[in-house]
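Participant: run.cif (mmCIF, C-alpha atoms and all ligand atoms) pasted underneath:
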```cif
data_work
#
loop_
_atom_site.label_atom_id
_atom_site.label_comp_id
_atom_site.auth_asym_id
_atom_site.auth_seq_id
_atom_site.Cartn_x
_atom_site.Cartn_y
_atom_site.Cartn_z
CA MET A 15 89.18 121.20 77.44
CA ILE A 16 89.75 117.68 78.71
CA ASN A 17 89.52 114.31 76.93
CA ILE A 18 86.47 112.59 78.42
CA HIS A 19 86.97 109.47 76.27
CA ARG A 20 90.44 108.95 77.67
CA LEU A 21 89.17 109.59 81.20
CA THR A 22 86.23 107.17 81.00
CA SER A 23 88.32 104.49 79.30
CA HIS A 24 90.90 104.77 82.11
CA LEU A 25 88.07 104.50 84.62
CA GLN A 26 86.75 101.39 82.90
CA GLU A 27 90.18 99.79 82.59
CA LEU A 28 90.98 100.44 86.27
CA SER A 29 87.62 99.00 87.36
CA GLU A 30 88.59 95.65 85.79
CA ILE A 31 91.26 95.20 88.45
CA GLY A 32 89.76 93.45 91.47
CA ARG A 33 86.39 93.26 89.73
CA THR A 34 83.74 91.18 91.55
CA ASN A 35 81.05 88.96 90.01
CA GLU A 36 78.47 91.64 90.83
CA GLY A 37 80.44 94.26 88.86
CA GLY A 38 81.95 95.96 91.91
CA VAL A 39 85.58 96.05 93.03
CA ASN A 40 87.54 94.39 95.83
CA ARG A 41 90.81 96.22 96.14
CA TYR A 42 92.31 96.13 99.59
CA SER A 43 95.57 97.71 100.63
CA TYR A 44 98.85 95.91 100.01
CA THR A 45 97.22 93.13 98.01
CA ASN A 46 98.10 91.98 94.53
CA GLU A 47 95.01 93.63 92.99
CA GLU A 48 95.89 96.92 94.59
CA ARG A 49 99.47 96.66 93.33
CA LEU A 50 98.21 95.99 89.79
CA ALA A 51 95.85 98.97 90.06
CA ASN A 52 98.73 101.19 91.17
CA GLU A 53 100.90 99.97 88.30
CA LEU A 54 98.15 100.81 85.80
CA VAL A 55 97.68 104.28 87.27
CA LYS A 56 101.47 104.72 87.22
CA LYS A 57 101.35 104.14 83.46
CA TYR A 58 98.66 106.82 83.07
CA MET A 59 100.74 109.22 85.16
CA GLU A 60 103.83 108.60 83.06
CA THR A 61 101.88 109.18 79.85
CA ALA A 62 100.86 112.55 81.28
CA ASP A 63 104.60 113.27 81.77
CA LEU A 64 104.57 112.98 85.54
CA THR A 65 107.61 111.70 87.40
CA VAL A 66 106.33 108.75 89.39
CA GLU A 67 107.44 107.16 92.66
CA TYR A 68 106.07 105.15 95.58
CA ASP A 69 106.63 106.61 99.04
CA ALA A 70 107.40 104.72 102.27
CA VAL A 71 103.82 103.49 102.81
CA GLY A 72 103.10 102.85 99.13
CA ASN A 73 101.31 106.03 98.11
CA LEU A 74 101.75 106.39 94.36
CA ILE A 75 102.86 109.94 93.61
CA GLY A 76 103.09 111.58 90.20
CA SER A 77 104.98 114.89 90.27
CA LEU A 78 105.16 117.72 87.81
CA LYS A 79 107.70 120.50 88.22
CA GLY A 80 106.42 124.06 88.23
CA LYS A 81 107.95 127.02 86.42
CA GLU A 82 108.77 128.45 89.82
CA ASN A 83 109.80 127.11 93.19
CA LEU A 84 106.38 127.62 94.81
CA PRO A 85 104.30 125.56 97.25
CA ILE A 86 102.86 122.34 95.82
CA ILE A 87 99.30 121.92 94.59
CA LEU A 88 98.20 118.43 95.70
CA LEU A 89 95.50 116.51 93.85
CA GLY A 90 94.30 112.94 94.15
CA SER A 91 92.16 110.37 95.91
CA HIS A 92 92.41 106.72 96.99
CA ILE A 93 92.89 103.53 95.02
CA ASP A 94 91.50 100.99 97.53
CA SER A 95 87.86 99.95 97.89
CA VAL A 96 85.36 98.70 100.44
CA PRO A 97 84.15 95.09 99.98
CA ASN A 98 82.29 94.94 96.65
CA GLY A 99 82.65 98.71 96.31
CA GLY A 100 81.85 100.91 93.35
CA LYS A 101 84.29 101.81 90.59
CA TYR A 102 84.07 105.60 91.07
CA ASP A 103 84.80 105.93 94.79
CA GLY A 104 88.44 107.01 94.88
CA SER A 105 89.44 106.07 91.32
CA LEU A 106 87.49 109.01 89.88
CA GLY A 107 89.52 111.58 91.83
CA ILE A 108 92.89 110.13 90.83
CA LEU A 109 92.01 109.72 87.17
CA THR A 110 90.38 113.15 86.89
CA ALA A 111 93.49 114.79 88.32
CA ILE A 112 95.73 112.88 85.88
CA GLU A 113 93.41 113.84 83.01
CA VAL A 114 93.66 117.52 83.92
CA LEU A 115 97.47 117.36 83.87
CA HIS A 116 97.44 115.36 80.65
CA SER A 117 95.22 117.99 79.00
CA LEU A 118 97.42 120.81 80.26
CA LYS A 119 100.43 119.03 78.74
CA GLU A 120 98.62 118.69 75.38
CA LYS A 121 97.76 122.38 75.45
CA GLU A 122 101.39 123.11 76.31
CA ILE A 123 100.33 124.98 79.42
CA ARG A 124 103.04 124.94 82.08
CA LEU A 125 101.95 125.68 85.63
CA ASN A 126 103.86 127.98 87.94
CA HIS A 127 103.40 125.71 90.94
CA PRO A 128 104.63 122.16 91.18
CA VAL A 129 101.77 119.65 91.25
CA LYS A 130 101.58 116.19 92.77
CA VAL A 131 98.82 113.70 92.02
CA ILE A 132 98.56 111.07 94.76
CA ALA A 133 96.85 107.69 94.69
CA PHE A 134 96.53 107.34 98.46
CA LYS A 135 97.03 104.04 100.26
CA ASP A 136 94.02 102.62 102.12
CA GLU A 137 91.53 105.41 102.63
CA GLU A 138 88.65 103.06 103.32
CA GLY A 139 90.07 101.21 106.32
CA THR A 140 88.63 97.92 105.10
CA ARG A 141 91.68 95.78 105.74
CA PHE A 142 92.95 97.06 109.09
CA GLY A 143 89.86 98.84 110.50
CA PHE A 144 91.95 102.01 110.26
CA GLY A 145 91.56 104.27 107.27
CA MET A 146 93.43 107.07 105.51
CA ILE A 147 96.80 105.37 106.03
CA GLY A 148 98.41 107.07 103.02
CA SER A 149 97.10 110.55 103.77
CA ARG A 150 98.14 110.25 107.43
CA ALA A 151 101.66 109.45 106.20
CA VAL A 152 101.63 112.47 103.87
CA ALA A 153 100.43 114.64 106.78
CA GLY A 154 103.27 113.20 108.90
CA THR A 155 100.90 111.88 111.58
CA LEU A 156 101.10 108.13 110.91
CA THR A 157 102.96 106.59 113.86
CA ASP A 158 104.92 103.39 114.41
CA GLU A 159 102.19 102.41 116.86
CA ASP A 160 99.54 102.76 114.13
CA LEU A 161 101.54 100.26 112.09
CA ASN A 162 100.93 97.59 114.76
CA ARG A 163 97.25 97.34 113.82
CA VAL A 164 96.40 93.98 112.33
CA ASP A 165 94.02 92.66 109.69
CA GLN A 166 91.70 89.67 110.20
CA GLN A 167 94.58 87.27 109.53
CA GLY A 168 96.75 88.95 112.17
CA VAL A 169 99.04 90.63 109.60
CA SER A 170 100.13 94.07 110.83
CA ILE A 171 100.32 97.17 108.63
CA GLU A 172 104.08 97.11 109.23
CA GLN A 173 104.33 93.53 107.98
CA ALA A 174 102.10 94.29 104.99
CA ILE A 175 104.32 97.25 104.09
CA LYS A 176 107.43 95.05 104.27
CA GLU A 177 105.84 92.25 102.26
CA TYR A 178 104.83 94.82 99.65
CA GLY A 179 108.54 95.58 99.31
CA LEU A 180 108.60 99.02 100.94
CA GLU A 181 110.99 100.42 103.50
CA LYS A 182 108.86 101.24 106.52
CA TYR A 183 111.80 102.74 108.40
CA ARG A 184 111.54 105.73 106.09
CA LEU A 185 108.01 106.43 107.38
CA GLN A 186 108.72 110.08 108.12
CA SER A 187 109.99 110.59 104.56
CA ALA A 188 106.39 110.25 103.33
CA LYS A 189 105.49 113.60 104.89
CA ILE A 190 105.01 116.28 102.23
CA GLU A 191 105.95 119.81 103.21
CA ASN A 192 105.44 123.14 101.51
CA VAL A 193 101.93 122.44 100.22
CA LYS A 194 99.67 125.19 98.90
CA CYS A 195 96.43 123.19 99.01
CA TYR A 196 94.75 119.84 98.35
CA VAL A 197 91.85 119.48 95.92
CA GLU A 198 89.94 116.23 95.32
CA VAL A 199 87.17 115.24 92.95
CA HIS A 200 84.86 112.52 94.33
CA ILE A 201 81.51 110.93 93.59
CA GLU A 202 78.95 112.49 95.94
CA GLN A 203 77.67 109.20 97.40
CA GLY A 204 74.40 110.91 98.34
CA LYS A 205 71.35 112.44 96.63
CA VAL A 206 71.81 116.17 97.17
CA LEU A 207 73.10 116.95 93.66
CA GLU A 208 70.55 114.67 92.05
CA ASN A 209 67.75 116.38 93.98
CA HIS A 210 69.04 119.77 92.79
CA ASP A 211 69.44 118.50 89.23
CA ALA A 212 73.11 119.51 89.40
CA ALA A 213 76.04 117.73 87.75
CA VAL A 214 78.67 118.93 90.19
CA GLY A 215 78.84 120.51 93.62
CA CYS A 216 81.16 122.40 95.91
CA VAL A 217 81.86 120.74 99.26
CA THR A 218 81.67 122.90 102.38
CA GLY A 219 83.02 120.40 104.91
CA ILE A 220 83.46 116.72 105.75
CA ALA A 221 81.80 114.87 108.63
CA GLY A 222 84.18 113.08 110.97
CA PRO A 223 84.04 109.28 111.25
CA LEU A 224 84.40 107.76 114.70
CA TRP A 225 84.89 103.99 114.61
CA LEU A 226 84.36 101.94 117.77
CA GLN A 227 84.65 98.21 118.31
CA PHE A 228 82.31 96.65 120.86
CA THR A 229 82.98 93.25 122.44
CA LEU A 230 80.26 91.65 124.55
CA THR A 231 81.24 88.51 126.42
CA GLY A 232 78.54 86.33 127.93
CA LEU A 233 78.47 82.56 128.21
CA SER A 234 78.22 79.91 125.47
CA GLU A 235 75.86 77.22 126.68
CA HIS A 236 73.49 74.60 125.36
CA ALA A 237 70.59 76.20 123.46
CA GLY A 238 68.21 73.41 124.46
CA ALA A 239 69.21 72.88 128.06
CA THR A 240 69.60 76.45 129.36
CA PRO A 241 66.37 78.12 130.59
CA MET A 242 65.61 81.59 129.22
CA ASP A 243 66.04 83.29 132.59
CA GLN A 244 69.49 81.83 133.16
CA ARG A 245 71.30 82.95 130.03
CA GLN A 246 74.14 85.36 129.36
CA ASP A 247 73.41 85.66 125.67
CA ALA A 248 75.85 88.14 124.12
CA LEU A 249 73.94 88.40 120.84
CA VAL A 250 70.66 89.44 122.47
CA GLY A 251 72.60 92.11 124.38
CA ALA A 252 74.27 93.26 121.15
CA SER A 253 70.91 93.41 119.33
CA LEU A 254 69.42 95.68 122.00
CA ILE A 255 72.42 98.02 121.86
CA ILE A 256 72.45 98.14 118.05
CA ALA A 257 68.72 98.90 117.88
CA GLU A 258 69.12 101.64 120.50
CA ALA A 259 72.04 103.16 118.55
CA GLU A 260 69.69 103.60 115.59
CA LYS A 261 67.18 105.38 117.82
CA ILE A 262 69.80 107.63 119.42
CA ALA A 263 71.36 108.74 116.10
CA SER A 264 67.88 109.40 114.68
CA GLU A 265 67.32 112.05 117.36
CA TYR A 266 69.80 114.31 115.53
CA PRO A 267 69.15 115.52 111.97
CA THR A 268 72.72 115.06 110.72
CA ALA A 269 74.07 112.24 112.91
CA VAL A 270 74.42 108.67 111.63
CA ALA A 271 75.38 105.44 113.39
CA THR A 272 76.03 102.17 111.55
CA VAL A 273 76.93 98.62 112.49
CA GLY A 274 78.48 97.21 109.33
CA LYS A 275 80.52 94.33 110.68
CA LEU A 276 79.58 91.75 113.30
CA SER A 277 80.94 88.39 114.38
CA VAL A 278 79.27 85.86 116.63
CA LYS A 279 81.08 83.14 118.58
CA PRO A 280 80.90 80.22 118.46
CA ASN A 281 78.32 80.73 115.67
CA GLY A 282 76.49 77.43 116.09
CA VAL A 283 72.75 76.81 115.63
CA ASN A 284 72.36 75.14 119.02
CA VAL A 285 74.82 77.21 121.05
CA ILE A 286 73.98 80.40 122.96
CA PRO A 287 76.29 83.12 121.58
CA GLY A 288 79.09 83.63 124.11
CA GLU A 289 80.84 86.50 122.40
CA VAL A 290 79.82 89.14 119.89
CA ILE A 291 82.18 91.66 118.38
CA TRP A 292 80.88 94.47 116.19
CA THR A 293 81.95 97.81 114.82
CA MET A 294 80.04 101.07 115.18
CA ASP A 295 80.63 103.92 112.74
CA ILE A 296 79.30 107.21 114.18
CA ARG A 297 79.45 110.51 112.27
CA ASP A 298 78.29 114.08 112.32
CA ILE A 299 79.54 117.29 110.74
CA ASP A 300 79.65 118.67 114.33
CA ASP A 301 82.14 117.08 116.80
CA ASP A 302 79.98 117.83 119.84
CA ILE A 303 76.92 116.10 118.43
CA ARG A 304 78.96 113.07 117.42
CA ASP A 305 80.45 112.88 120.92
CA GLU A 306 76.99 113.15 122.47
CA VAL A 307 75.70 110.30 120.29
CA GLU A 308 78.75 108.23 121.26
CA ARG A 309 78.19 108.94 124.96
CA LYS A 310 74.52 107.97 124.83
CA ILE A 311 75.24 104.74 122.94
CA THR A 312 78.08 103.65 125.23
CA GLN A 313 76.06 104.50 128.36
CA PHE A 314 73.16 102.42 127.09
CA ALA A 315 75.60 99.59 126.26
CA GLU A 316 77.07 99.68 129.79
CA LYS A 317 73.59 99.59 131.36
CA THR A 318 72.51 96.71 129.12
CA ALA A 319 75.65 94.68 129.80
CA ALA A 320 75.34 95.18 133.57
CA ALA A 321 71.66 94.19 133.62
CA ARG A 322 72.42 90.99 131.69
CA HIS A 323 75.60 90.10 133.61
CA ILE A 324 77.71 90.18 130.49
CA HIS A 325 81.05 91.90 130.01
CA LEU A 326 81.42 94.91 127.72
CA LYS A 327 84.60 96.30 126.20
CA VAL A 328 84.65 99.29 123.84
CA ASN A 329 87.80 100.06 121.80
CA GLU A 330 88.33 103.11 119.66
CA LEU A 331 89.52 102.22 116.15
CA GLN A 332 89.70 105.73 114.74
CA ARG A 333 88.41 109.19 115.63
CA VAL A 334 88.72 111.69 112.81
CA ALA A 335 87.69 115.30 113.40
CA PRO A 336 85.20 116.92 111.00
CA VAL A 337 86.97 119.26 108.59
CA PRO A 338 85.73 122.44 106.89
CA CYS A 339 86.76 123.08 103.29
CA ASP A 340 88.68 126.30 102.65
CA GLU A 341 86.32 129.17 101.85
CA GLY A 342 88.72 130.86 99.42
CA ILE A 343 89.11 127.70 97.34
CA GLN A 344 85.36 127.05 97.58
CA ASP A 345 84.89 130.45 95.90
CA VAL A 346 87.26 129.42 93.12
CA VAL A 347 85.41 126.10 92.66
CA LYS A 348 82.03 127.87 92.64
CA GLY A 349 83.30 130.40 90.10
CA SER A 350 84.49 127.54 87.88
CA ILE A 351 81.11 125.81 88.17
CA ARG A 352 79.36 129.04 87.14
CA GLU A 353 81.75 129.49 84.22
CA ILE A 354 80.62 126.21 82.68
CA GLY A 355 77.02 127.36 82.91
CA GLU A 356 76.00 125.18 85.84
CA SER A 357 74.18 126.38 88.92
CA VAL A 358 76.16 126.24 92.12
CA VAL A 359 75.16 123.75 94.79
CA SER A 360 77.12 123.67 98.04
CA LEU A 361 76.89 120.57 100.19
CA SER A 362 78.64 118.84 103.05
CA SER A 363 80.12 115.36 102.83
CA GLY A 364 78.81 112.60 105.06
CA ALA A 365 81.56 110.30 103.81
CA GLY A 366 85.15 110.62 104.99
CA HIS A 367 87.98 111.58 102.63
CA ASP A 368 91.77 111.73 102.65
CA GLY A 369 91.79 115.53 102.80
CA MET A 370 90.60 115.30 106.43
CA GLN A 371 94.10 114.33 107.45
CA PHE A 372 95.39 117.71 106.28
CA LYS A 373 93.33 119.69 108.79
CA ASP A 374 95.34 122.55 110.30
CA ARG A 375 98.19 121.83 107.85
CA PHE A 376 97.01 123.27 104.56
CA PRO A 377 93.68 124.22 103.00
CA ILE A 378 91.57 121.57 101.30
CA ALA A 379 88.65 121.58 98.87
CA MET A 380 86.47 118.98 97.19
CA ILE A 381 84.40 118.88 94.02
CA PHE A 382 81.54 116.37 94.06
CA VAL A 383 80.03 114.63 91.04
CA ARG A 384 76.36 113.64 90.94
CA SER A 385 75.80 110.06 92.09
CA LYS A 386 72.94 108.09 90.50
CA ASP A 387 70.26 107.45 93.16
CA GLY A 388 72.90 108.43 95.72
CA ILE A 389 74.10 104.83 95.79
CA SER A 390 77.70 104.20 96.80
CA HIS A 391 79.84 101.52 98.48
CA ASN A 392 77.88 99.30 96.13
CA PRO A 393 78.56 97.90 92.63
CA LYS A 394 75.61 100.00 91.36
CA GLU A 395 77.52 103.21 92.10
CA PHE A 396 77.34 105.42 88.97
CA SER A 397 78.21 108.86 87.65
CA SER A 398 77.58 109.71 84.01
CA ALA A 399 80.35 110.61 81.57
CA GLN A 400 78.72 114.03 81.03
CA ASP A 401 78.83 114.81 84.75
CA ILE A 402 82.39 113.51 85.08
CA GLU A 403 83.45 115.70 82.17
CA LYS A 404 81.98 118.75 83.90
CA ALA A 405 83.79 117.91 87.15
CA ALA A 406 87.06 117.48 85.26
CA ILE A 407 86.61 120.87 83.58
CA VAL A 408 85.82 122.47 86.95
CA LEU A 409 89.02 120.94 88.34
CA PHE A 410 90.97 122.11 85.28
CA LYS A 411 89.76 125.69 85.77
CA THR A 412 90.23 125.56 89.52
CA VAL A 413 93.84 124.41 89.18
CA LEU A 414 94.61 127.19 86.69
CA ILE A 415 93.14 129.85 89.00
CA LEU A 416 94.91 128.47 92.09
CA ASP A 417 98.13 128.34 90.10
CA ALA A 418 97.84 132.01 89.19
CA LYS A 419 97.32 133.07 92.82
C1 LIG B 1 84.89 106.15 103.32
O1 LIG B 1 84.25 106.09 102.28
C2 LIG B 1 84.21 106.44 104.55
O2 LIG B 1 83.52 107.48 104.59
O3 LIG B 1 84.27 105.63 105.49
MN MN B 2 84.45 105.00 100.20
MN MN B 3 86.20 107.58 98.72
#
```
Would you write out, as structure tokens, the structure that this file holds?
Ligand code: GLV
Ligand code: MN
Ligand code: MN
Facilitator:
Amino acid sequence: MINIHRLTSHLQELSEIGRTNEGGVNRYSYTNEERLANELVKKYMETADLTVEYDAVGNLIGSLKGKENLPIILLGSHIDSVPNGGKYDGSLGILTAIEVLHSLKEKEIRLNHPVKVIAFKDEEGTRFGFGMIGSRAVAGTLTDEDLNRVDQQGVSIEQAIKEYGLEKYRLQSAKIENVKCYVEVHIEQGKVLENHDAAVGCVTGIAGPLWLQFTLTGLSEHAGATPMDQRQDALVGASLIIAEAEKIASEYPTAVATVGKLSVKPNGVNVIPGEVIWTMDIRDIDDDIRDEVERKITQFAEKTAAARHIHLKVNELQRVAPVPCDEGIQDVVKGSIREIGESVVSLSSGAGHDGMQFKDRFPIAMIFVRSKDGISHNPKEFSSAQDIEKAAIVLFKTVLILDAK
């Protein structure tokens, strides 16, 4: 039904762009690697007979006209990566969607609805600490203010867009209207499917990431000459808060809290740390629980900072609401999974995805592919060709059914 050799060879070829020594990928938004990756995917889209363009923020969009003037079926995923990320996260969804359209073309099946496959710009948020830039633009919610966010070198999103050769002033033109639904294939990034011995799964909903940035400011002093009871050590304060965050999130079965990025100033062996800045990623499938975890962590941080006479500042980087997947489309996905002789496993997504930005705009659905040992955001990330083929067939069938509705 689909050509798995073509799909896996595309996946392999794309993974060579931005490849790290450990076999992972570094592909950050608006960089040369990411441009090369987009250009390669553009070639695949054109071979599948899609009409290809870049929008105002650099989303790569391959469009196929429908037989009728009906709402658009959107497919896709993101092309960027986390530092030393895996080759399936994002790429798999884009390439699977292109493969489905390529196979439909070969079978001379013309869809009633128009279809767009999108390689979204910067889902991960690695470069600017602000993710889902491309999908926000497609949803029409990306603002000029958002574009003022800067990367570690002080380059703003707006500047990066300009340097990439795009016309930021057309920002609103990136919004896509008249959409029927969005469907994305993605590696699971967890162990649920593996534990159920299932190749593919139907996603019920996506947990919402809340990203905070904590800054603790104490006093940098001499490590040898300052007595222990007279210090304002920002790193000790940070350590207490980070350890408590782990305890607080562990009180809830589905909540998670992670500190993945931390910087210490001045970062000298014999200097008491005067400033520590770190990020905190807090998630739950339920908004209220996530907010409760956030409240408990920030209250503990305030208490700790006050007791140690150090200054605390907490900034919000992004707050994305959890999103349920559409039940009607879930039924279609589940039916397609059954049709290929697989048992149906429904699961929620702990990871964030571009579809979250379409909440309250149009229905979304996701098809997950089994992830070896549940490892992701890591060069060891792996899904087998057999599982990928099943996911592509499920997407193929799902698109045909949605198209007929
Ligand atoms: C993206 O993978 C995220 O969940 O942060
Ligand atoms: Mn990811
Ligand atoms: Mn992803």
Participant: Tell me, as a list in words, which residues lie within 8 Å of region 64-74 of chain A, counting all atoms listed in the file; anything in the same chain fewer than 4 positions away does not count.
Facilitator: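 Final neighbour list, sorted by chain and number: Asn52, Lys56, Met59, Glu60, Leu78, Ile132, Ala133, Phe134, Lys135, Ile147, Gly148, Ala151, Ile175, Leu180, Glu181, Lys182, Tyr183, Arg184, Leu185, Ser187 and Ala188 of chain A.
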Participant: Kindly provide, as lines of an AutoDock Vina configuration file, the centre and edge lengths (Å, one decimal) of an axis-aligned box around all atoms of region 296-303 of chain A given in the file, with 4 Å on each side.
Facilitator:
```
center_x = 79.5
center_y = 112.9
center_z = 115.3
size_x = 13.2
size_y = 19.5
size_z = 17.1
```
Participant: Counting only C-alpha atoms and all ligand atoms, what residues are within 7 Å of ligand LIG 1 (chain B), given as number ranges by chain?
Facilitator: A: 137-138, 223, 364-367
Participant: Within 12 Å of (89.4, 111.8, 89.4), all atoms listed in the file: residues as a count of residues only?
Facilitator: 50
Participant: Give me the residues within 7 Å of region 156-162 of chain A as a PyMOL selection string, counting all atoms listed in the file and dropping any in the same chain fewer than 4 places off.
Facilitator: chain A and resi 150-151+170-172
Participant: Those same residues - C-alpha atoms - I'd like them written as a CSV table (one decimal), keeping the file's coordinate frame.
Facilitator:
```csv
chain,number,residue,atom,x,y,z
A,150,ARG,CA,98.1,110.2,107.4
A,151,ALA,CA,101.7,109.4,106.2
A,170,SER,CA,100.1,94.1,110.8
A,171,ILE,CA,100.3,97.2,108.6
A,172,GLU,CA,104.1,97.1,109.2
```
Participant: So, with only C-alpha atoms as the atoms that count, which of A:Asn46, A:Ser95, A:Ser363, A:Thr231 lies closest to Pro287 (chain A)?
Facilitator: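 Result for the nearest residue to Pro287 (chain A): A:Thr231.
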Participant: Would you mind listing what lies within 9 Å of Asp165 (chain A) as a list in words, with all atoms listed in the file counted and same-chain residues fewer than 6 positions away left out?
Facilitator: Thr140, Arg141, Phe142, Gly143 and Ile171 of chain A
Participant: Residues as selected, C-alpha atoms, written as an mmCIF file, in the frame of the given file, can you do that?
Facilitator:
```
data_model
loop_
_atom_site.group_PDB
_atom_site.id
_atom_site.type_symbol
_atom_site.label_atom_id
_atom_site.label_comp_id
_atom_site.auth_asym_id
_atom_site.auth_seq_id
_atom_site.Cartn_x
_atom_site.Cartn_y
_atom_site.Cartn_z
ATOM 1 C CA THR A 140 88.630 97.920 105.100
ATOM 2 C CA ARG A 141 91.680 95.780 105.740
ATOM 3 C CA PHE A 142 92.950 97.060 109.090
ATOM 4 C CA GLY A 143 89.860 98.840 110.500
ATOM 5 C CA ILE A 171 100.320 97.170 108.630
#
```
Participant: When distances are computed from only C-alpha atoms, which of A:Val164, A:Ala319, A:Val413, A:Leu125 shows the smallest separation from Gly139 (chain A)?
Facilitator: A:Val164
